[in-house]
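Structure file my_file_1.txt with compact mmCIF, C-alpha atoms:
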```txt
# COMPACT_ATOMS: atom_id res chain seq x y z
CA MET A 334 -19.56 -3.41 -17.56
CA LYS A 335 -17.96 0.00 -16.96
CA ALA A 336 -14.22 0.14 -16.33
CA ALA A 337 -11.40 2.69 -16.33
CA VAL A 338 -8.86 1.30 -18.78
CA LEU A 339 -5.16 2.14 -19.21
CA ARG A 340 -4.10 1.65 -22.83
CA ASN A 341 -0.68 3.30 -22.84
CA PHE A 342 1.66 4.71 -20.19
CA LYS A 343 1.34 8.44 -19.47
CA THR A 344 -2.09 8.68 -21.10
CA PRO A 345 -5.44 9.24 -19.37
CA LEU A 346 -7.58 6.27 -18.44
CA THR A 347 -10.60 5.66 -20.65
CA VAL A 348 -13.88 4.98 -18.86
CA GLN A 349 -15.69 2.61 -21.20
CA ASP A 350 -17.76 -0.55 -21.54
CA VAL A 351 -15.73 -3.78 -21.51
CA SER A 352 -16.62 -7.46 -21.42
CA LEU A 353 -17.62 -9.07 -18.14
CA PRO A 354 -14.78 -11.27 -16.78
CA LYS A 355 -15.36 -15.03 -16.91
CA PRO A 356 -14.04 -16.84 -13.82
CA THR A 357 -12.37 -20.24 -14.12
CA GLU A 358 -13.28 -23.20 -11.91
CA SER A 359 -10.91 -21.93 -9.18
CA GLU A 360 -11.86 -18.26 -9.38
CA VAL A 361 -14.68 -16.04 -8.13
CA LEU A 362 -16.47 -13.16 -9.80
CA ILE A 363 -16.87 -10.13 -7.56
CA LYS A 364 -19.25 -7.19 -7.88
CA VAL A 365 -17.01 -4.31 -6.85
CA GLU A 366 -18.25 -1.86 -4.23
CA VAL A 367 -15.13 0.27 -3.82
CA CYS A 368 -11.52 0.30 -4.95
CA GLY A 369 -8.78 2.23 -3.18
CA VAL A 370 -6.45 4.41 -5.23
CA CYS A 371 -2.81 3.70 -4.44
CA HIS A 372 0.31 5.63 -5.42
CA SER A 373 1.43 2.39 -7.07
CA ASP A 374 -1.49 2.78 -9.50
CA LEU A 375 -0.01 6.11 -10.50
CA HIS A 376 3.47 4.62 -10.93
CA VAL A 377 2.02 1.90 -13.18
CA ALA A 378 -0.07 4.37 -15.20
CA ASP A 379 2.89 6.70 -15.71
CA GLY A 380 5.34 3.91 -16.54
CA ASP A 381 7.65 4.95 -13.69
CA TRP A 382 8.85 1.45 -12.88
CA SER A 383 10.87 0.39 -15.89
CA GLN A 384 11.58 -2.92 -14.14
CA LEU A 385 7.87 -3.77 -14.29
CA ALA A 386 7.14 -2.37 -17.73
CA GLY A 387 7.50 -5.74 -19.43
CA ILE A 388 4.96 -7.48 -17.20
CA VAL A 389 2.26 -4.80 -17.19
CA LYS A 390 -0.83 -6.09 -18.98
CA LYS A 391 -2.16 -3.73 -21.66
CA PRO A 392 -4.87 -2.74 -22.00
CA LEU A 393 -5.12 -2.83 -18.20
CA ILE A 394 -7.74 -2.12 -15.56
CA LEU A 395 -5.87 -0.65 -12.57
CA GLY A 396 -6.71 -1.11 -8.89
CA HIS A 397 -5.52 -3.50 -6.16
CA GLU A 398 -7.48 -2.41 -3.09
CA VAL A 399 -10.74 -3.99 -4.16
CA VAL A 400 -13.73 -4.71 -1.92
CA GLY A 401 -16.92 -6.31 -3.17
CA THR A 402 -19.33 -9.21 -2.96
CA ILE A 403 -18.92 -12.59 -4.62
CA VAL A 404 -21.65 -13.14 -7.21
CA GLU A 405 -20.28 -16.29 -8.85
CA ALA A 406 -17.90 -19.03 -7.68
CA GLY A 407 -16.06 -21.66 -9.73
CA SER A 408 -16.92 -25.34 -9.41
CA VAL A 409 -13.93 -26.25 -7.19
CA VAL A 410 -14.07 -23.18 -4.91
CA GLN A 411 -14.63 -24.12 -1.26
CA SER A 412 -12.97 -21.42 0.85
CA VAL A 413 -15.55 -18.71 0.02
CA LYS A 414 -19.08 -18.62 -1.35
CA VAL A 415 -21.55 -16.43 -3.20
CA GLY A 416 -22.63 -13.56 -0.98
CA ASP A 417 -19.32 -13.24 0.91
CA ARG A 418 -17.77 -9.77 1.07
CA VAL A 419 -14.11 -10.10 0.16
CA GLY A 420 -11.07 -8.05 -0.70
CA VAL A 421 -8.69 -8.45 -3.62
CA PRO A 422 -5.18 -7.20 -2.72
CA TRP A 423 -1.97 -6.47 -4.65
CA ILE A 424 -0.95 -10.13 -4.51
CA HIS A 425 -3.50 -11.73 -6.80
CA TRP A 426 -2.05 -15.26 -6.77
CA THR A 427 1.08 -17.10 -5.60
CA CYS A 428 2.38 -20.50 -6.65
CA GLU A 429 2.84 -21.90 -3.09
CA LYS A 430 5.72 -24.02 -4.45
CA CYS A 431 8.73 -21.76 -4.95
CA GLU A 432 11.39 -21.25 -2.30
CA SER A 433 9.91 -17.97 -1.07
CA CYS A 434 6.43 -19.45 -0.74
CA ARG A 435 7.76 -22.50 1.12
CA GLU A 436 9.67 -20.23 3.52
CA GLY A 437 6.54 -18.23 4.42
CA SER A 438 7.32 -15.23 2.22
CA GLU A 439 4.65 -15.64 -0.40
CA ASN A 440 4.76 -11.87 -0.95
CA LEU A 441 8.09 -12.55 -2.71
CA CYS A 442 6.78 -15.40 -4.87
CA VAL A 443 8.72 -15.51 -8.14
CA ARG A 444 5.60 -16.47 -10.10
CA GLN A 445 3.09 -14.19 -8.41
CA GLN A 446 0.32 -12.44 -10.29
CA ILE A 447 -0.33 -8.81 -9.34
CA THR A 448 -3.81 -7.29 -9.27
CA GLY A 449 -4.04 -4.23 -11.48
CA VAL A 450 -0.60 -4.91 -13.00
CA THR A 451 -0.34 -8.38 -14.56
CA VAL A 452 -4.10 -9.03 -14.36
CA ASP A 453 -7.06 -6.65 -14.42
CA GLY A 454 -7.96 -4.91 -11.18
CA GLY A 455 -10.83 -3.15 -9.50
CA TYR A 456 -11.39 0.15 -11.34
CA ALA A 457 -14.41 -1.67 -12.74
CA GLU A 458 -17.89 -2.87 -11.87
CA PHE A 459 -16.74 -6.49 -11.69
CA VAL A 460 -13.41 -8.25 -11.18
CA LYS A 461 -12.42 -11.91 -11.08
CA ALA A 462 -9.94 -13.25 -8.55
CA ALA A 463 -8.26 -16.43 -7.34
CA ALA A 464 -10.52 -17.79 -4.59
CA THR A 465 -7.48 -18.92 -2.58
CA HIS A 466 -6.13 -15.39 -2.29
CA VAL A 467 -9.15 -13.18 -1.63
CA ALA A 468 -9.47 -11.88 1.93
CA LYS A 469 -12.68 -12.16 3.90
CA ILE A 470 -13.72 -8.71 5.11
CA PRO A 471 -14.96 -8.55 8.75
CA ALA A 472 -18.67 -7.83 8.92
CA ASN A 473 -18.22 -4.69 11.03
CA LEU A 474 -15.60 -3.13 8.75
CA ALA A 475 -17.04 -0.73 6.18
CA PRO A 476 -15.81 -1.29 2.62
CA GLU A 477 -14.32 2.22 2.46
CA GLN A 478 -12.31 1.43 5.59
CA ALA A 479 -11.28 -2.03 4.43
CA ALA A 480 -10.03 -1.09 0.97
CA PRO A 481 -6.91 0.91 2.00
CA LEU A 482 -5.89 -1.85 4.41
CA LEU A 483 -5.50 -4.25 1.47
CA CYS A 484 -2.31 -2.48 0.35
CA ALA A 485 -1.41 0.63 2.35
CA GLY A 486 -2.35 -0.97 5.66
CA VAL A 487 -0.83 -4.39 5.14
CA THR A 488 2.37 -2.89 3.71
CA VAL A 489 3.21 -0.69 6.71
CA HIS A 490 1.93 -3.34 9.13
CA ARG A 491 4.35 -5.92 7.77
CA ALA A 492 7.19 -3.40 7.57
CA LEU A 493 6.85 -2.40 11.22
CA LYS A 494 6.34 -5.99 12.33
CA GLN A 495 9.52 -7.03 10.50
CA SER A 496 11.45 -4.12 12.08
CA ARG A 497 10.66 -5.52 15.54
CA ILE A 498 10.22 -2.03 16.97
CA THR A 499 9.29 -2.23 20.65
CA THR A 500 7.53 -0.13 23.27
CA GLY A 501 9.27 3.16 23.96
CA GLN A 502 11.52 3.09 20.92
CA ARG A 503 11.57 6.10 18.61
CA LEU A 504 9.85 5.81 15.23
CA ALA A 505 9.97 8.52 12.56
CA VAL A 506 7.38 8.30 9.77
CA PHE A 507 8.41 10.27 6.68
CA GLY A 508 5.29 11.13 4.69
CA VAL A 509 1.78 11.31 6.14
CA GLY A 510 -0.16 10.16 3.11
CA GLY A 511 -2.11 6.99 2.48
CA LEU A 512 0.55 4.73 4.01
CA GLY A 513 1.99 7.19 6.48
CA HIS A 514 -1.22 8.04 8.32
CA LEU A 515 -1.75 4.32 8.91
CA ALA A 516 1.88 3.84 9.96
CA VAL A 517 1.44 6.49 12.65
CA GLN A 518 -1.48 4.54 14.10
CA ILE A 519 0.21 1.14 13.88
CA GLY A 520 3.35 2.57 15.50
CA ARG A 521 1.21 4.01 18.28
CA GLU A 522 -0.43 0.60 18.84
CA LEU A 523 3.04 -0.97 19.08
CA GLY A 524 3.92 1.50 21.83
CA ALA A 525 6.49 3.46 19.83
CA ASP A 526 7.23 7.14 20.35
CA VAL A 527 6.12 8.41 16.93
CA THR A 528 7.37 11.50 15.11
CA ALA A 529 5.64 12.37 11.83
CA ILE A 530 7.47 14.34 9.12
CA ASP A 531 5.86 15.96 6.09
CA ILE A 532 5.83 19.23 4.16
CA SER A 533 2.07 19.78 4.61
CA GLU A 534 0.81 21.36 7.81
CA GLU A 535 -2.60 19.84 7.14
CA LYS A 536 -1.11 16.33 7.03
CA LEU A 537 0.96 17.00 10.13
CA ALA A 538 -2.15 18.12 12.00
CA LEU A 539 -3.80 14.85 10.98
CA ALA A 540 -0.81 12.87 12.26
CA LYS A 541 -1.12 14.59 15.62
CA THR A 542 -4.75 13.57 15.98
CA LEU A 543 -3.81 9.98 15.07
CA GLY A 544 -1.28 9.60 17.85
CA ALA A 545 2.02 11.14 16.78
CA SER A 546 3.94 12.45 19.80
CA ARG A 547 5.43 15.23 17.70
CA THR A 548 5.38 16.53 14.14
CA LEU A 549 8.08 18.20 12.08
CA ASN A 550 7.80 20.14 8.85
CA ALA A 551 10.57 19.03 6.47
CA VAL A 552 10.69 22.51 4.94
CA SER A 553 10.69 24.80 7.97
CA ASP A 554 12.05 22.60 10.78
CA LYS A 555 15.57 21.27 11.23
CA VAL A 556 14.42 17.66 11.14
CA VAL A 557 17.80 15.91 11.23
CA GLN A 558 19.13 18.18 13.96
CA GLN A 559 16.06 17.76 16.15
CA LEU A 560 15.87 13.98 15.84
CA ARG A 561 19.61 13.51 16.32
CA SER A 562 19.49 15.70 19.43
CA GLN A 563 17.27 12.99 20.94
CA GLY A 564 19.76 10.29 19.97
CA GLY A 565 18.32 9.53 16.56
CA VAL A 566 15.45 7.19 15.81
CA HIS A 567 15.41 3.42 16.15
CA VAL A 568 13.37 3.14 12.96
CA ALA A 569 12.92 5.67 10.16
CA LEU A 570 10.01 4.49 8.04
CA VAL A 571 9.84 6.22 4.66
CA THR A 572 6.38 5.99 3.14
CA SER A 573 6.91 8.95 0.81
CA ALA A 574 7.71 8.38 -2.86
CA ALA A 575 10.09 11.35 -2.79
CA LYS A 576 13.83 10.69 -3.00
CA ALA A 577 14.38 13.72 -0.73
CA ALA A 578 12.59 11.89 2.08
CA TYR A 579 15.18 9.10 1.96
CA ASP A 580 18.04 11.59 1.79
CA MET A 581 16.77 13.16 5.03
CA ALA A 582 15.66 9.99 6.82
CA PHE A 583 19.04 8.28 6.56
CA TYR A 584 20.72 10.95 8.70
CA CYS A 585 18.05 10.63 11.39
CA VAL A 586 18.76 6.97 12.19
CA ARG A 587 20.61 6.16 15.40
CA PRO A 588 23.54 3.71 15.47
CA THR A 589 22.24 0.13 14.93
CA GLY A 590 18.91 1.63 13.78
CA ILE A 591 16.91 0.79 10.68
CA LEU A 592 16.04 2.79 7.60
CA LEU A 593 12.81 1.12 6.55
CA ALA A 594 12.02 1.48 2.85
CA VAL A 595 8.35 1.34 1.81
CA GLY A 596 7.81 4.41 -0.39
CA LEU A 597 9.00 3.83 -3.95
CA PRO A 598 10.64 6.78 -5.73
CA ALA A 599 11.14 6.50 -9.46
CA GLN A 600 14.84 7.42 -8.96
CA ASP A 601 17.57 5.30 -7.39
CA ILE A 602 18.66 6.18 -3.86
CA CYS A 603 22.15 5.87 -2.34
CA PHE A 604 23.90 6.42 0.99
CA PRO A 605 27.54 6.87 2.09
CA PRO A 606 28.98 3.41 2.92
CA ILE A 607 31.30 4.90 5.55
CA LEU A 608 28.32 6.18 7.54
CA LEU A 609 26.46 2.89 7.11
CA ALA A 610 29.43 1.05 8.57
CA ALA A 611 30.26 3.61 11.26
CA GLY A 612 26.73 3.38 12.70
CA GLU A 613 26.03 -0.24 11.76
CA ILE A 614 22.84 1.12 10.19
CA ARG A 615 20.56 -1.39 8.53
CA ILE A 616 18.54 -0.71 5.41
CA GLN A 617 15.47 -2.88 5.26
CA ALA A 618 12.63 -2.99 2.75
CA SER A 619 9.18 -4.50 2.85
CA ALA A 620 6.96 -5.69 0.01
CA VAL A 621 3.21 -5.59 0.73
CA GLY A 622 2.29 -8.61 2.89
CA THR A 623 1.23 -12.22 3.09
CA ARG A 624 -2.30 -13.50 3.59
CA GLN A 625 -1.50 -13.82 7.31
CA ASP A 626 -0.36 -10.19 7.48
CA LEU A 627 -3.55 -9.17 5.69
CA GLU A 628 -5.73 -11.06 8.15
CA GLU A 629 -3.96 -9.31 11.03
CA ILE A 630 -4.40 -5.77 9.70
CA LEU A 631 -8.06 -6.36 8.83
CA ALA A 632 -8.59 -7.56 12.41
CA MET A 633 -6.97 -4.37 13.69
CA GLY A 634 -9.30 -2.36 11.50
CA ALA A 635 -12.34 -4.27 12.72
CA ALA A 636 -11.24 -3.65 16.32
CA GLY A 637 -10.97 0.10 15.69
CA LYS A 638 -7.21 0.17 16.30
CA VAL A 639 -6.55 1.75 12.90
CA GLN A 640 -8.89 3.99 10.97
CA CYS A 641 -8.41 5.22 7.43
CA GLU A 642 -8.97 8.85 6.55
CA VAL A 643 -10.97 8.29 3.39
CA ALA A 644 -12.51 10.46 0.69
CA THR A 645 -14.60 8.81 -2.02
CA GLN A 646 -15.03 9.70 -5.68
CA PRO A 647 -17.02 8.00 -8.45
CA LEU A 648 -15.29 5.78 -11.02
CA SER A 649 -15.87 8.48 -13.63
CA GLN A 650 -13.42 10.71 -11.75
CA ALA A 651 -10.52 8.22 -11.84
CA ASN A 652 -8.27 10.50 -13.90
CA GLU A 653 -8.92 13.47 -11.64
CA VAL A 654 -8.08 11.33 -8.60
CA LEU A 655 -4.77 10.21 -10.12
CA GLU A 656 -3.95 13.84 -10.89
CA GLN A 657 -4.50 14.72 -7.23
CA LEU A 658 -1.94 12.05 -6.33
CA ARG A 659 0.54 13.44 -8.87
CA ARG A 660 0.29 16.85 -7.23
CA GLY A 661 0.67 15.44 -3.71
CA LYS A 662 -2.69 16.87 -2.67
CA VAL A 663 -4.09 13.74 -1.02
CA SER A 664 -4.34 13.52 2.77
CA GLY A 665 -5.20 9.98 3.83
CA ARG A 666 -6.61 7.74 1.13
CA LEU A 667 -8.85 8.17 -1.88
CA VAL A 668 -11.36 5.45 -2.75
CA LEU A 669 -13.35 5.02 -5.94
CA SER A 670 -16.98 4.20 -5.32
CA ILE A 671 -18.03 1.70 -7.97
CA SER A 672 -21.46 0.43 -6.89
CA PRO A 673 -23.67 0.58 -3.76
```
With the file now loaded, output its structure as C-alpha cells.
Amino acid sequence: MKAAVLRNFKTPLTVQDVSLPKPTESEVLIKVEVCGVCHSDLHVADGDWSQLAGIVKKPLILGHEVVGTIVEAGSVVQSVKVGDRVGVPWIHWTCEKCESCREGSENLCVRQQITGVTVDGGYAEFVKAAATHVAKIPANLAPEQAAPLLCAGVTVHRALKQSRITTGQRLAVFGVGGLGHLAVQIGRELGADVTAIDISEEKLALAKTLGASRTLNAVSDKVVQQLRSQGGVHVALVTSAAKAAYDMAFYCVRPTGILLAVGLPAQDICFPPILLAAGEIRIQASAVGTRQDLEEILAMGAAGKVQCEVATQPLSQANEVLEQLRRGKVSGRLVLSISP
C-alpha cells in the first residue's frame, strides 16, 4: 500500500509502498478515505516536542484524524463490523485500568497509545486500529467534515466544556486556524459572546461568518486594551501554537477568569505570579478528549452545529501540506484524500 513515511525528524516524508497492516483478533483493518492534517503532525515531524521524542515510532506513518471503512475485523471484535465507516482519533488505545481511566479521564491514560505517534496513522491507504476505540461516523456526516472533528473538534469541545463557560460570558479565541475556527462555532453554540483574534484578515473574516461577535487583529489592534475595556474575558482560549498568543491572552483575562491552553508552542510559557494571585486567574489545559467527548462533537457535526472549513489535497502532496502549516498559511483545516 502507499503511505507517507517519516524516517527522521526534520526530514521530508517519503511516499512509498509499505506492507499492509495485519490486525490482531481485537483490531480492525480500515481502508482510509481521508486523513486530516493537524499541527501536531508537524510538531511530531519536526521533533518539536522533546518530551515525546522517546516514544515516537520510527519509521512512522503520521495522521490521527482518520476516516475510512472497515474491511477486516478480528475474531473477537463485536462493537463494529466490516462495512462500518469509522474514525481513528489521536487516542488509539487506553488501558481502562489506570487511575485516570477509572476516574473518567481516559484521555490522560498513562499507558495510552497515540495514533500517528506511537503507532502508525492514517497518511496511508490502510490503517489498523483497536476496535474498542474507533468512533462510528454518523451516516450524514461527510468524511471530509468528520476528520477534523476527531482531533481539532474534540479538543476544543472538551476544553470549552471543562471551562464551564455559560451564556452571555465573554470568550476570546486566539488563533483562527484548524482548532480556532471550530472553537468560534462551539462557543457560539454555548451562547458565549465570542471575540476572535488573529494576525490574518482572511481568517478574521472567516471567524465573523462563523459567529464571532467581533474580531481583532493582533498586529494592528490594541487587543489587550480593547478586551480589558469591556472588563476582560471570562475565558481566553489559545488555539495558536505561537508563544506570543499566550503572552497576549493572559492580560486579557478578567479576575477569576480562565486562560485555557490548547495550542502547543515548542517554547515554555510563563506568567507573573503576582498577577495570577491578584486576579485569582486560573490556567487550565485540555488534552484531546474521551470517547464520550468524541461522540458528542460528531453528533454536533451531524446536526450541522459545527462545520469545518476544509481543503483537500492528495496523499502525494503531504510534504507540501505540512509546509503550508509551517508558514501559517492554512485557514480552516487541510485533509489528505487517500481513496474514494
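The space separating CA of Pro471 in chain A from CA of Leu631 in chain A comes to 7.2 Å.
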**OP:** Kindly indicate which residue among A:Ala516, A:Ala406, A:Val443, A:Leu493 lies nearest to Thr465 in chain A, using only C-alpha atoms for the distances.
**Re:**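 Nearest candidate to Thr465 in chain A out of A:Ala516, A:Ala406, A:Val443, A:Leu493: A:Ala406.
Picture a line from CA of Val452 in chain A to CA of Ile671 in chain A; it runs 18.7 Å.
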Subject >> Among the residues A:Pro392, A:Gly449, A:Pro422, A:Gly665, the one that comes closest to Asp374 in chain A [using all atoms listed in the file] >> reply: A:Gly449
Excluding His490 in chain A and any residue of its chain fewer than 2 positions from it, enumerate the residues within 12 Å of it, using all atoms listed in the file, and give them as an mmCIF file with C-alpha atoms, in the frame of the given file.
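That gives us part_15.cif:
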```cif
data_model
loop_
_atom_site.group_PDB
_atom_site.id
_atom_site.type_symbol
_atom_site.label_atom_id
_atom_site.label_comp_id
_atom_site.auth_asym_id
_atom_site.auth_seq_id
_atom_site.Cartn_x
_atom_site.Cartn_y
_atom_site.Cartn_z
ATOM 1 C CA LEU A 482 -5.890 -1.850 4.410
ATOM 2 C CA LEU A 483 -5.500 -4.250 1.470
ATOM 3 C CA CYS A 484 -2.310 -2.480 0.350
ATOM 4 C CA ALA A 485 -1.410 0.630 2.350
ATOM 5 C CA GLY A 486 -2.350 -0.970 5.660
ATOM 6 C CA VAL A 487 -0.830 -4.390 5.140
ATOM 7 C CA THR A 488 2.370 -2.890 3.710
ATOM 8 C CA ALA A 492 7.190 -3.400 7.570
ATOM 9 C CA LEU A 493 6.850 -2.400 11.220
ATOM 10 C CA LYS A 494 6.340 -5.990 12.330
ATOM 11 C CA GLN A 495 9.520 -7.030 10.500
ATOM 12 C CA SER A 496 11.450 -4.120 12.080
ATOM 13 C CA ARG A 497 10.660 -5.520 15.540
ATOM 14 C CA ILE A 498 10.220 -2.030 16.970
ATOM 15 C CA LEU A 512 0.550 4.730 4.010
ATOM 16 C CA GLY A 513 1.990 7.190 6.480
ATOM 17 C CA HIS A 514 -1.220 8.040 8.320
ATOM 18 C CA LEU A 515 -1.750 4.320 8.910
ATOM 19 C CA ALA A 516 1.880 3.840 9.960
ATOM 20 C CA VAL A 517 1.440 6.490 12.650
ATOM 21 C CA GLN A 518 -1.480 4.540 14.100
ATOM 22 C CA ILE A 519 0.210 1.140 13.880
ATOM 23 C CA GLY A 520 3.350 2.570 15.500
ATOM 24 C CA ARG A 521 1.210 4.010 18.280
ATOM 25 C CA GLU A 522 -0.430 0.600 18.840
ATOM 26 C CA LEU A 523 3.040 -0.970 19.080
ATOM 27 C CA LEU A 570 10.010 4.490 8.040
ATOM 28 C CA THR A 572 6.380 5.990 3.140
ATOM 29 C CA VAL A 595 8.350 1.340 1.810
ATOM 30 C CA SER A 619 9.180 -4.500 2.850
ATOM 31 C CA ALA A 620 6.960 -5.690 0.010
ATOM 32 C CA VAL A 621 3.210 -5.590 0.730
ATOM 33 C CA GLY A 622 2.290 -8.610 2.890
ATOM 34 C CA THR A 623 1.230 -12.220 3.090
ATOM 35 C CA GLN A 625 -1.500 -13.820 7.310
ATOM 36 C CA ASP A 626 -0.360 -10.190 7.480
ATOM 37 C CA LEU A 627 -3.550 -9.170 5.690
ATOM 38 C CA GLU A 628 -5.730 -11.060 8.150
ATOM 39 C CA GLU A 629 -3.960 -9.310 11.030
ATOM 40 C CA ILE A 630 -4.400 -5.770 9.700
ATOM 41 C CA LEU A 631 -8.060 -6.360 8.830
ATOM 42 C CA ALA A 632 -8.590 -7.560 12.410
ATOM 43 C CA MET A 633 -6.970 -4.370 13.690
ATOM 44 C CA GLY A 634 -9.300 -2.360 11.500
ATOM 45 C CA VAL A 639 -6.550 1.750 12.900
#
```
Original post:
Between CA of Ser412 in chain A and CA of Arg624 in chain A, what is the distance, to one decimal in Å?
Top reply: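 Spanning CA of Ser412 in chain A to CA of Arg624 in chain A is a straight-line distance of 13.6 Å.
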**OP:** Go through A:Arg659, A:Lys536, A:His567, A:His397 and flag the residue nearest Ala457 in chain A, using only C-alpha atoms for the distances.
**Re:** A:His397
Subject >> Residue contacts of range 557-564 of chain A (10 Å, only C-alpha atoms) excluding same-chain residues fewer than 2 positions away, as a ChimeraX atom specification >> reply: /A:503,505,528,549,551,554-555,566-567,581-588
Okay, now the selection with C-alpha atoms, as an mmCIF file, in the coordinates of the input?
```
data_model
loop_
_atom_site.group_PDB
_atom_site.id
_atom_site.type_symbol
_atom_site.label_atom_id
_atom_site.label_comp_id
_atom_site.auth_asym_id
_atom_site.auth_seq_id
_atom_site.Cartn_x
_atom_site.Cartn_y
_atom_site.Cartn_z
ATOM 1 C CA ARG A 503 11.570 6.100 18.610
ATOM 2 C CA ALA A 505 9.970 8.520 12.560
ATOM 3 C CA THR A 528 7.370 11.500 15.110
ATOM 4 C CA LEU A 549 8.080 18.200 12.080
ATOM 5 C CA ALA A 551 10.570 19.030 6.470
ATOM 6 C CA ASP A 554 12.050 22.600 10.780
ATOM 7 C CA LYS A 555 15.570 21.270 11.230
ATOM 8 C CA VAL A 566 15.450 7.190 15.810
ATOM 9 C CA HIS A 567 15.410 3.420 16.150
ATOM 10 C CA MET A 581 16.770 13.160 5.030
ATOM 11 C CA ALA A 582 15.660 9.990 6.820
ATOM 12 C CA PHE A 583 19.040 8.280 6.560
ATOM 13 C CA TYR A 584 20.720 10.950 8.700
ATOM 14 C CA CYS A 585 18.050 10.630 11.390
ATOM 15 C CA VAL A 586 18.760 6.970 12.190
ATOM 16 C CA ARG A 587 20.610 6.160 15.400
ATOM 17 C CA PRO A 588 23.540 3.710 15.470
#
```
